[in-house]
Number of protein chains: 4
Amino acid sequence: MSSEKQPRKSRRDRRREELKNAAIEIFFEHGYHAAKVSQIVERVGVAQGTFYLYFEGKQQLFSELISDFLELFVSTVADWEPGDINSRKVLRQELTRVGLSVTRVLLDNKKVTAIFFRESQAVAPELNTLIRHSYEMLLAMLTDFNRILCKRGLIAEMNFRVLATMTVGMVERIIVERIVHDTLKDAEPEEIVEHLVLHYMAGTSDIVDESLS
Amino acid sequence: MSSEKQPRKSRRDRRREELKNAAIEIFFEHGYHAAKVSQIVERVGVAQGTFYLYFEGKQQLFSELISDFLELFVSTVADWEPGDINSRKVLRQELTRVGLSVTRVLLDNKKVTAIFFRESQAVAPELNTLIRHSYEMLLAMLTDFNRILCKRGLIAEMNFRVLATMTVGMVERIIVERIVHDTLKDAEPEEIVEHLVLHYMAGTSDIVDESLS
Amino acid sequence: MSSEKQPRKSRRDRRREELKNAAIEIFFEHGYHAAKVSQIVERVGVAQGTFYLYFEGKQQLFSELISDFLELFVSTVADWEPGDINSRKVLRQELTRVGLSVTRVLLDNKKVTAIFFRESQAVAPELNTLIRHSYEMLLAMLTDFNRILCKRGLIAEMNFRVLATMTVGMVERIIVERIVHDTLKDAEPEEIVEHLVLHYMAGTSDIVDESLS
Amino acid sequence: MSSEKQPRKSRRDRRREELKNAAIEIFFEHGYHAAKVSQIVERVGVAQGTFYLYFEGKQQLFSELISDFLELFVSTVADWEPGDINSRKVLRQELTRVGLSVTRVLLDNKKVTAIFFRESQAVAPELNTLIRHSYEMLLAMLTDFNRILCKRGLIAEMNFRVLATMTVGMVERIIVERIVHDTLKDAEPEEIVEHLVLHYMAGTSDIVDESLS
DNA sequence: CATGAATGAGATTTCATTCAT
DNA sequence: GATGAATGAAATCTCATTCAT
């Protein structure tokens with residue numbers, strides 16, 4: 001936002017960042033409830049009180065981390081400006097592109113990703129509302145996207161919301177397995193994304209004639 | 001399960017059941033950490049100390065609930081004894097059948113389902129291990145299943161573990177939306193299951209020739 | 001209230017009483033803000049947590065003490081059922097009687113009295129409201145009383161509310177000096193009460209002719 | 001007080017004054033314990049550290065405010081140089097005069113007055129000692145004054161210390177009601193002072209023959 | 001079996017005060 | 001003189017669990 005002359009980040013911002021990073025480590029290692037503010041400040045090397053100069057409390061900090069994560073994720077998806085998708089081939093290329101972007105972002109934020117999927121829902125009702133809101137947005141975006149693709153004849157007619165939901169689920173579980181649990185190590189990100197894209201596309205193609213029988 | 005001579009359930013077992021049910025309500029309403037043992041016993045109308053005659057503690061009870069849920073889920077899937085799947089048509093019918101079984105079970109246990117997906121991972125490391133174990137099992141089963149189907153020429157060659165993972169994800173997210181968040185209300189369970197099955201099957205069919213380009 | 005067969009006070013009530021008495025000591029010795037809950041429980045010999053089984057917290061306990069005190073004081077005054085006051089002589093006797101009652105009550109509760117006058121207003125706004133309420137009541141009662149006496153020709157016409165206010169003040173300061181600060185030791189309670197009564201009566205008598213000049 | 005050459009007040013003195021006034025506002029609004037140094041400096045628009053260039057700390061500032069108030073009050077009373085009081089009529093005039101002086105001073109310092117009566121005793125033992133000292137002085141002065149009046153035959157023989165105490169109480173409660181709680185609004189200061197004076201004088205007149213019966 | 005009063009460890013949070021710049 | 005980030009001591013309160021009755 002503001003930059004140019006002045007130092008990239010003010011002293012204040014840097015300290016804040018330090019605390020957030022330490023918090024991510026601690027939350028990742030112990031989980032929200034077992035994590036102590038004392039552990040966070042100890043890792044940064046500041047006094048207990050300092051923490052409260054930067055955050056309202058442990059919960060607010062956690063919410064902020066989750067909120068940041070959601071924003072990063074959603075904006076990565078939303079920033080995606082697909083070219084003119086006029087063929088299934090282009091669609092496949094575009095989906096692969098956005099899939100790899102998301103993958104990169106998540107791999108760069110493994111710990112927050114893990115924290116998010118592990119326990120973001122188990123901390124505070126307000127936070128749940130926020131998370132829910134992001135899901136609704138994402139699902140709405142995808143549902144619309146599906147509808148457009150259908151109009152262009154690229155995917156078949158179906159319940160687009162259900163399709164969007166399934167898509168989100170596929171992606172989520174893949175993320176959790178690969179990034180949180182470190183499984184699927186035999187497959188490269190590229191291969192996995194390709195599977196996701198192909199599965200999505202095949203599942204939406206017209207040639208689902210079996211269902212007619 | 002066990003019955004025959006003695007009264008259906010001993011007094012002890014009934015009280016235990018009562019406490020578990022009360023716990024489900026309370027955990028559902030407040031979440032594990034905000035739930036108090038005092039609230040659970042109050043709902044049943046027994047004294048605080050009584051709780052500890054039936055359970056080792058709050059966490060053990062929670063683990064038991066999750067464990068029960070996992071067993072129920074896994075056994076519902078495992079009990080499924082598919083006939084001879086020798087055509088994609090039969091496959092579709094069988095998948096639909098098992099999908100509806102699972103749906104029924106989950107709808108009968110909405111609250112535990114919600115608890116499971118919301119916060120089962122945020123309680124204790126031991127429990128996480130248990131849950132992880134179930135996932136591994138499920139994924140292994142599905143991976144094998146996919147491999148068999150492929151051998152029989154019913155689905156295409158691909159990374160079966162990734163396919164299994166995507167499948168689990170699709171189903172999970174659908175469950176969460178429909179059962180935990182009460183969305184997708186415009187679609188009947190039957191329709192949803194059909195979407196899942198068709199999507200799974202289409203995504204596995206041979207006709208994924210686009211990927212060759 | 002309830003008695004007869006069962007023990008005068010339940011175990012619970014006795015423990016509560018113990019804690020209240022200990023609290024009075026501690027509040028008296030250190031003042032509200034310097035008083036620690038740990039000191040209170042230590043004096044009784046119970047664990048820290050026990051305190052919170054009986055009171056919502058330190059402030060609620062303090063409020064309760066003040067509230068008890070006010071109730072005791074007001075009821076002592078209100079319970080006073082003066083006989084037919086038809087002469088200044090009877091009036092004087094009656095006032096002396098009630099004055100001695102109040103004196104007795106306060107001497108029996110020296111420490112709470114001291115706490116009340118020292119810092120009851122400096123703890124919480126809600127409590128201030130309660131205290132204010134009691135003052136309003138007391139002043140209203142006295143104002144009415146003065147009006148009646150005037151109608152009966154026992155005291156002169158004047159601003160009865162101002163008179164009531166002055167009366168309350170006289171009594172209060174006397175209480176504070178005698179009971180809280182242990183001064184005025186050369187005068188017996190009887191003498192002091194007599195001074196108060198005579199001063200009140202003289203100040204209300206018709207013979208204030210000087211003011212006419 | 002001090003002036004002549006230098007600017008009315010040095011920059012330092014003016015800033016000090018600003019802080020004291022801000023403190024009065026904050027203490028009045030929130031009470032001593034709830035008042036934060038940060039609020040005081042914020043109101044003046046200086047940094048937190050600046051506060052400590054002018055005062056030793058929060059408590060010292062509070063003590064200074066109370067001390068100023070006491071000095072102002074006592075000096076207002078002490079500055080009173082009564083003419084030759086040789087008749088009850090002159091006495092009445094003189095008392096009225098001093099009463100109105102005091103009234104004026106208090107009305108000019110409503111907030112400190114409120115602070116003083118609400119919680120000056122609940123802050124620190126040292127301060128209590130100071131306050132106590134002022135009371136003793138005031139009571140001694142009044143006791144002496146009463147003794148002199150008696151010698152001159154202007155008031156009756158009685159326990160002069162008790163009389164002084166009652167007098168102080170009357171005045172205090174009137175102040176609290178009128179200035180702190182804003183009641184007694186139907187009576188003008190003049191009327192109230194007159195009531196006080198007349199009540200005092202009547203209560204001290206010889207004609208208290210009823211007490212003899 | 002049932003009770004429920006008592007326990008007590010320990011984490012969060014506040015805010016007056018300091019001091020290097 | 002002025003700043004304001006950092007300090008850190010210390011107190012309240014919670015609640016799962018125990019155990020004597």
# chains A, B, ... in the order shown; residues from 1 in each chain; ligands from 1

call {"tool": "residues_around", "arguments": {"residues": "DA9 (chain E)", "least_positions_apart": "2", "cutoff": "12 Å", "atoms": "only C-alpha atoms (C1' of nucleotides)", "output": "MDAnalysis selection string"}}
result
(chainID C and resid 47:49) or (chainID E and resid 7 11) or (chainID F and resid 14:16)

call {"tool": "write_last_selection", "arguments": {"atoms": "N, CA, C and O atoms (P, O5', C5', C4', C3', O3' and C1' of nucleotides)", "output": "compact mmCIF listing (two decimals), in the first residue's frame"}}
result
# COMPACT_ATOMS: atom_id res chain seq x y z
N ALA C 47 -9.59 -23.60 50.11
CA ALA C 47 -8.87 -23.35 48.86
C ALA C 47 -9.46 -22.16 48.12
O ALA C 47 -10.61 -21.76 48.34
N GLN C 48 -8.68 -21.61 47.25
CA GLN C 48 -9.05 -20.43 46.48
C GLN C 48 -10.39 -20.64 45.76
O GLN C 48 -11.28 -19.80 45.78
N GLY C 49 -10.49 -21.81 45.13
CA GLY C 49 -11.68 -22.09 44.34
C GLY C 49 -12.95 -22.10 45.16
O GLY C 49 -14.03 -21.77 44.67
P DT E 7 -10.90 -26.99 50.33
O5' DT E 7 -10.14 -27.54 49.06
C5' DT E 7 -9.81 -28.92 49.01
C4' DT E 7 -9.25 -29.27 47.66
C3' DT E 7 -8.11 -28.35 47.20
O3' DT E 7 -6.96 -29.14 47.00
C1' DT E 7 -9.68 -28.69 45.46
P DA E 11 -0.26 -22.52 32.32
O5' DA E 11 -1.21 -21.79 31.25
C5' DA E 11 -2.60 -22.09 31.24
C4' DA E 11 -3.38 -20.83 30.94
C3' DA E 11 -2.59 -19.78 30.16
O3' DA E 11 -3.38 -19.30 29.10
C1' DA E 11 -3.41 -18.85 32.20
P DT F 14 -15.23 -17.26 36.69
O5' DT F 14 -14.77 -18.45 35.74
C5' DT F 14 -13.62 -18.34 34.96
C4' DT F 14 -13.15 -19.72 34.59
C3' DT F 14 -14.22 -20.80 34.68
O3' DT F 14 -14.15 -21.53 33.48
C1' DT F 14 -12.33 -21.43 35.97
P DC F 15 -15.40 -22.33 32.97
O5' DC F 15 -14.98 -23.83 33.23
C5' DC F 15 -13.61 -24.20 33.06
C4' DC F 15 -13.35 -25.50 33.76
C3' DC F 15 -14.58 -26.40 33.93
O3' DC F 15 -14.15 -27.72 33.69
C1' DC F 15 -13.58 -26.07 36.01
P DA F 16 -15.08 -28.71 32.86
O5' DA F 16 -14.16 -30.00 32.81
C5' DA F 16 -12.83 -29.89 32.34
C4' DA F 16 -11.88 -30.66 33.23
C3' DA F 16 -12.26 -32.11 33.48
O3' DA F 16 -11.05 -32.86 33.53
C1' DA F 16 -12.20 -30.97 35.55

call {"tool": "residues_around", "arguments": {"residues": "Val37 (chain D)", "least_positions_apart": "2", "cutoff": "8 Å", "atoms": "only C-alpha atoms (C1' of nucleotides)", "output": "list in words"}}
result
Ala35, Gln39, Ile40, Val41, Gln48, Phe51 and Lys58 of chain D; DA16 of chain E

call {"tool": "write_last_selection", "arguments": {"atoms": "C-alpha atoms (C1' of nucleotides)", "output": "mmCIF file, in the first residue's frame"}}
result
data_model
loop_
_atom_site.group_PDB
_atom_site.id
_atom_site.type_symbol
_atom_site.label_atom_id
_atom_site.label_comp_id
_atom_site.auth_asym_id
_atom_site.auth_seq_id
_atom_site.Cartn_x
_atom_site.Cartn_y
_atom_site.Cartn_z
ATOM 1 C CA ALA D 35 -9.111 6.022 35.857
ATOM 2 C CA GLN D 39 -6.786 8.599 29.645
ATOM 3 C CA ILE D 40 -5.401 11.618 31.410
ATOM 4 C CA VAL D 41 -2.535 12.175 29.022
ATOM 5 C CA GLN D 48 2.401 8.747 28.544
ATOM 6 C CA PHE D 51 3.013 12.525 32.842
ATOM 7 C CA LYS D 58 -1.014 8.510 39.724
ATOM 8 C "C1'" DA E 16 1.504 2.131 36.311
#

call {"tool": "closest_atom_pairs", "arguments": {"of": "chain E", "to": "chain C", "cutoff": "9 Å", "atoms": "only C-alpha atoms (C1' of nucleotides)", "output": "JSON lines"}}
result
{"residue": "E:DA5", "atom": "C1'", "partner": "C:Thr50", "partner_atom": "CA", "distance": 8.5}
{"residue": "E:DA6", "atom": "C1'", "partner": "C:Thr50", "partner_atom": "CA", "distance": 6.4}
{"residue": "E:DT7", "atom": "C1'", "partner": "C:Ala47", "partner_atom": "CA", "distance": 6.4}
{"residue": "E:DG8", "atom": "C1'", "partner": "C:Ala47", "partner_atom": "CA", "distance": 7.0}

call {"tool": "write_last_selection", "arguments": {"atoms": "N, CA and C atoms (P, O5', C5', C4', C3', O3' and C1' of nucleotides)", "output": "PDB file, in the first residue's frame"}}
result
ATOM      1  P    DA E   5     -22.956 -28.809  47.479  1.00  0.00           P
ATOM      2  O5'  DA E   5     -21.756 -28.553  48.500  1.00  0.00           O
ATOM      3  C5'  DA E   5     -21.594 -29.452  49.617  1.00  0.00           C
ATOM      4  C4'  DA E   5     -20.127 -29.552  49.992  1.00  0.00           C
ATOM      5  C3'  DA E   5     -19.370 -28.229  49.948  1.00  0.00           C
ATOM      6  O3'  DA E   5     -18.428 -28.239  51.010  1.00  0.00           O
ATOM      7  C1'  DA E   5     -18.402 -29.746  48.390  1.00  0.00           C
ATOM      8  P    DA E   6     -17.517 -26.998  51.232  1.00  0.00           P
ATOM      9  O5'  DA E   6     -16.166 -27.461  50.533  1.00  0.00           O
ATOM     10  C5'  DA E   6     -15.487 -28.608  51.071  1.00  0.00           C
ATOM     11  C4'  DA E   6     -14.271 -28.900  50.237  1.00  0.00           C
ATOM     12  C3'  DA E   6     -13.347 -27.705  49.975  1.00  0.00           C
ATOM     13  O3'  DA E   6     -12.061 -27.999  50.491  1.00  0.00           O
ATOM     14  C1'  DA E   6     -13.819 -28.892  47.951  1.00  0.00           C
ATOM     15  P    DT E   7     -10.904 -26.990  50.333  1.00  0.00           P
ATOM     16  O5'  DT E   7     -10.144 -27.536  49.065  1.00  0.00           O
ATOM     17  C5'  DT E   7      -9.812 -28.924  49.015  1.00  0.00           C
ATOM     18  C4'  DT E   7      -9.247 -29.267  47.657  1.00  0.00           C
ATOM     19  C3'  DT E   7      -8.105 -28.350  47.196  1.00  0.00           C
ATOM     20  O3'  DT E   7      -6.962 -29.145  46.997  1.00  0.00           O
ATOM     21  C1'  DT E   7      -9.682 -28.691  45.457  1.00  0.00           C
ATOM     22  P    DG E   8      -5.598 -28.697  47.535  1.00  0.00           P
ATOM     23  O5'  DG E   8      -5.000 -28.069  46.211  1.00  0.00           O
ATOM     24  C5'  DG E   8      -4.922 -28.884  45.036  1.00  0.00           C
ATOM     25  C4'  DG E   8      -4.633 -27.993  43.851  1.00  0.00           C
ATOM     26  C3'  DG E   8      -3.808 -26.739  44.195  1.00  0.00           C
ATOM     27  O3'  DG E   8      -2.944 -26.467  43.109  1.00  0.00           O
ATOM     28  C1'  DG E   8      -5.789 -26.089  43.182  1.00  0.00           C
TER      29       DG E   8
END

call {"tool": "atom_distance", "arguments": {"atom1": "CA of Asn159 (chain B)", "atom2": "CA of Asp79 (chain B)"}}
result
25.6 Å

call {"tool": "closest_atom_pairs", "arguments": {"of": "chain C", "to": "chain D", "cutoff": "8 Å", "atoms": "only C-alpha atoms", "output": "Markdown table"}}
result
| residue | atom | partner | partner_atom | distance |
| --- | --- | --- | --- | --- |
| C:Gly31 | CA | D:Ala122 | CA | 7.0 |
| C:Tyr32 | CA | D:Ala122 | CA | 7.9 |
| C:Arg88 | CA | D:Glu210 | CA | 8.0 |
| C:Lys89 | CA | D:Glu210 | CA | 7.2 |
| C:Arg118 | CA | D:Gln121 | CA | 5.5 |
| C:Glu119 | CA | D:Ala122 | CA | 5.0 |
| C:Gln121 | CA | D:Arg118 | CA | 5.5 |
| C:Ala122 | CA | D:Glu119 | CA | 5.1 |
| C:Arg161 | CA | D:Leu184 | CA | 7.6 |
| C:Val162 | CA | D:Ile192 | CA | 7.1 |
| C:Leu163 | CA | D:His195 | CA | 7.8 |
| C:Thr165 | CA | D:Ile174 | CA | 6.2 |
| C:Met166 | CA | D:Met170 | CA | 4.4 |
| C:Thr167 | CA | D:Met170 | CA | 6.6 |
| C:Val168 | CA | D:Arg173 | CA | 7.2 |
| C:Gly169 | CA | D:Gly169 | CA | 4.4 |
| C:Met170 | CA | D:Met166 | CA | 4.4 |
| C:Val171 | CA | D:Met166 | CA | 7.1 |
| C:Glu172 | CA | D:Gly169 | CA | 6.5 |
| C:Arg173 | CA | D:Gly169 | CA | 4.7 |
| C:Ile174 | CA | D:Thr165 | CA | 6.2 |
| C:Glu177 | CA | D:Thr165 | CA | 7.8 |
| C:Leu184 | CA | D:Val162 | CA | 7.3 |
| C:Ile192 | CA | D:Val162 | CA | 7.2 |
| C:His195 | CA | D:Val162 | CA | 7.5 |
| C:Leu196 | CA | D:Met166 | CA | 7.7 |
| C:Leu198 | CA | D:Ser211 | CA | 7.1 |
| C:His199 | CA | D:Gly203 | CA | 4.5 |
| C:Tyr200 | CA | D:Gly203 | CA | 6.8 |
| C:Met201 | CA | D:Gly203 | CA | 7.4 |
| C:Ala202 | CA | D:Gly203 | CA | 4.7 |
| C:Gly203 | CA | D:His199 | CA | 4.4 |
| C:Thr204 | CA | D:His199 | CA | 7.2 |
| C:Ser205 | CA | D:Ala202 | CA | 7.9 |
| C:Ile207 | CA | D:Ala202 | CA | 7.9 |
| C:Val208 | CA | D:Ala202 | CA | 6.3 |
| C:Glu210 | CA | D:Lys89 | CA | 7.1 |
| C:Ser211 | CA | D:Leu198 | CA | 7.2 |

call {"tool": "residues_around", "arguments": {"residues": "DC19 (chain E)", "least_positions_apart": "2", "cutoff": "12 Å", "atoms": "only C-alpha atoms (C1' of nucleotides)", "output": "list in words"}}
result
Gly49 and Tyr52 of chain D; DT17 and DT21 of chain E; DT3, DG4, DA5, DA6 and DT7 of chain F

call {"tool": "residues_around", "arguments": {"residues": "Glu64 (chain A)", "least_positions_apart": "4", "cutoff": "10 Å", "atoms": "only C-alpha atoms (C1' of nucleotides)", "output": "count of residues only"}}
result
9

call {"tool": "closest_residue", "arguments": {"among": "A:Phe145, A:Lys111, A:Ala140, A:Gly45", "to": "chain F", "atoms": "only C-alpha atoms (C1' of nucleotides)"}}
result
A:Gly45

call {"tool": "select_by_dssp", "arguments": {"residues": "region 2-202 of chain D", "states": "helix (DSSP H, G or I)", "output": "ChimeraX atom specification"}}
result
/D:11-30,37-44,48-54,58-78,88-107,110-122,125-151,160-180,189-202

call {"tool": "residues_around", "arguments": {"residues": "Glu18 (chain B)", "least_positions_apart": "4", "cutoff": "7 Å", "atoms": "only C-alpha atoms (C1' of nucleotides)", "output": "PDB file with N, CA, C and O atoms, in the first residue's frame"}}
result
ATOM      1  N   ARG B  14     -28.031 -47.991  30.667  1.00  0.00           N
ATOM      2  CA  ARG B  14     -28.985 -46.957  30.287  1.00  0.00           C
ATOM      3  C   ARG B  14     -28.542 -45.572  30.762  1.00  0.00           C
ATOM      4  O   ARG B  14     -28.624 -44.598  30.051  1.00  0.00           O
ATOM      5  N   ALA B  22     -26.735 -36.720  26.428  1.00  0.00           N
ATOM      6  CA  ALA B  22     -26.688 -35.357  26.949  1.00  0.00           C
ATOM      7  C   ALA B  22     -25.402 -34.673  26.488  1.00  0.00           C
ATOM      8  O   ALA B  22     -25.396 -33.511  26.074  1.00  0.00           O
ATOM      9  N   VAL B  44     -28.964 -34.436  32.683  1.00  0.00           N
ATOM     10  CA  VAL B  44     -29.440 -35.772  33.022  1.00  0.00           C
ATOM     11  C   VAL B  44     -30.072 -35.781  34.414  1.00  0.00           C
ATOM     12  O   VAL B  44     -30.923 -36.614  34.712  1.00  0.00           O
TER      13      VAL B  44
END

call {"tool": "interface_residues", "arguments": {"of": "chain F", "to": "chain C", "cutoff": "9 Å", "atoms": "only C-alpha atoms (C1' of nucleotides)", "output": "list in words"}}
result
DA11, DT12, DC13 and DT14 of chain F

call {"tool": "residues_around", "arguments": {"residues": "Trp80 (chain B)", "least_positions_apart": "5", "cutoff": "12 Å", "atoms": "only C-alpha atoms (C1' of nucleotides)", "output": "number ranges by chain"}}
result
B: 73-75, 94-102

call {"tool": "atom_distance", "arguments": {"atom1": "CA of Ser63 (chain D)", "atom2": "CA of Leu139 (chain D)"}}
result
21.5 Å

call {"tool": "decode", "arguments": {"residues": "region 7-21 of chain F", "atoms": "C-alpha atoms (C1' of nucleotides)", "output": "PDB file, in the first residue's frame"}}
result
ATOM      1  C1'  DT F   7       8.132  -3.984  31.006  1.00  0.00           C
ATOM      2  C1'  DG F   8       6.559  -7.557  34.409  1.00  0.00           C
ATOM      3  C1'  DA F   9       4.498  -8.344  38.687  1.00  0.00           C
ATOM      4  C1'  DA F  10       0.567 -10.106  40.389  1.00  0.00           C
ATOM      5  C1'  DA F  11      -4.423 -11.135  40.955  1.00  0.00           C
ATOM      6  C1'  DT F  12      -8.725 -12.979  39.495  1.00  0.00           C
ATOM      7  C1'  DC F  13     -11.230 -16.671  38.226  1.00  0.00           C
ATOM      8  C1'  DT F  14     -12.330 -21.430  35.968  1.00  0.00           C
ATOM      9  C1'  DC F  15     -13.584 -26.067  36.005  1.00  0.00           C
ATOM     10  C1'  DA F  16     -12.202 -30.965  35.549  1.00  0.00           C
ATOM     11  C1'  DT F  17     -11.535 -34.092  38.953  1.00  0.00           C
ATOM     12  C1'  DT F  18     -11.504 -36.239  43.653  1.00  0.00           C
ATOM     13  C1'  DC F  19     -13.143 -38.414  47.812  1.00  0.00           C
ATOM     14  C1'  DA F  20     -15.334 -38.581  52.248  1.00  0.00           C
ATOM     15  C1'  DT F  21     -19.894 -39.474  53.381  1.00  0.00           C
TER      16       DT F  21
END
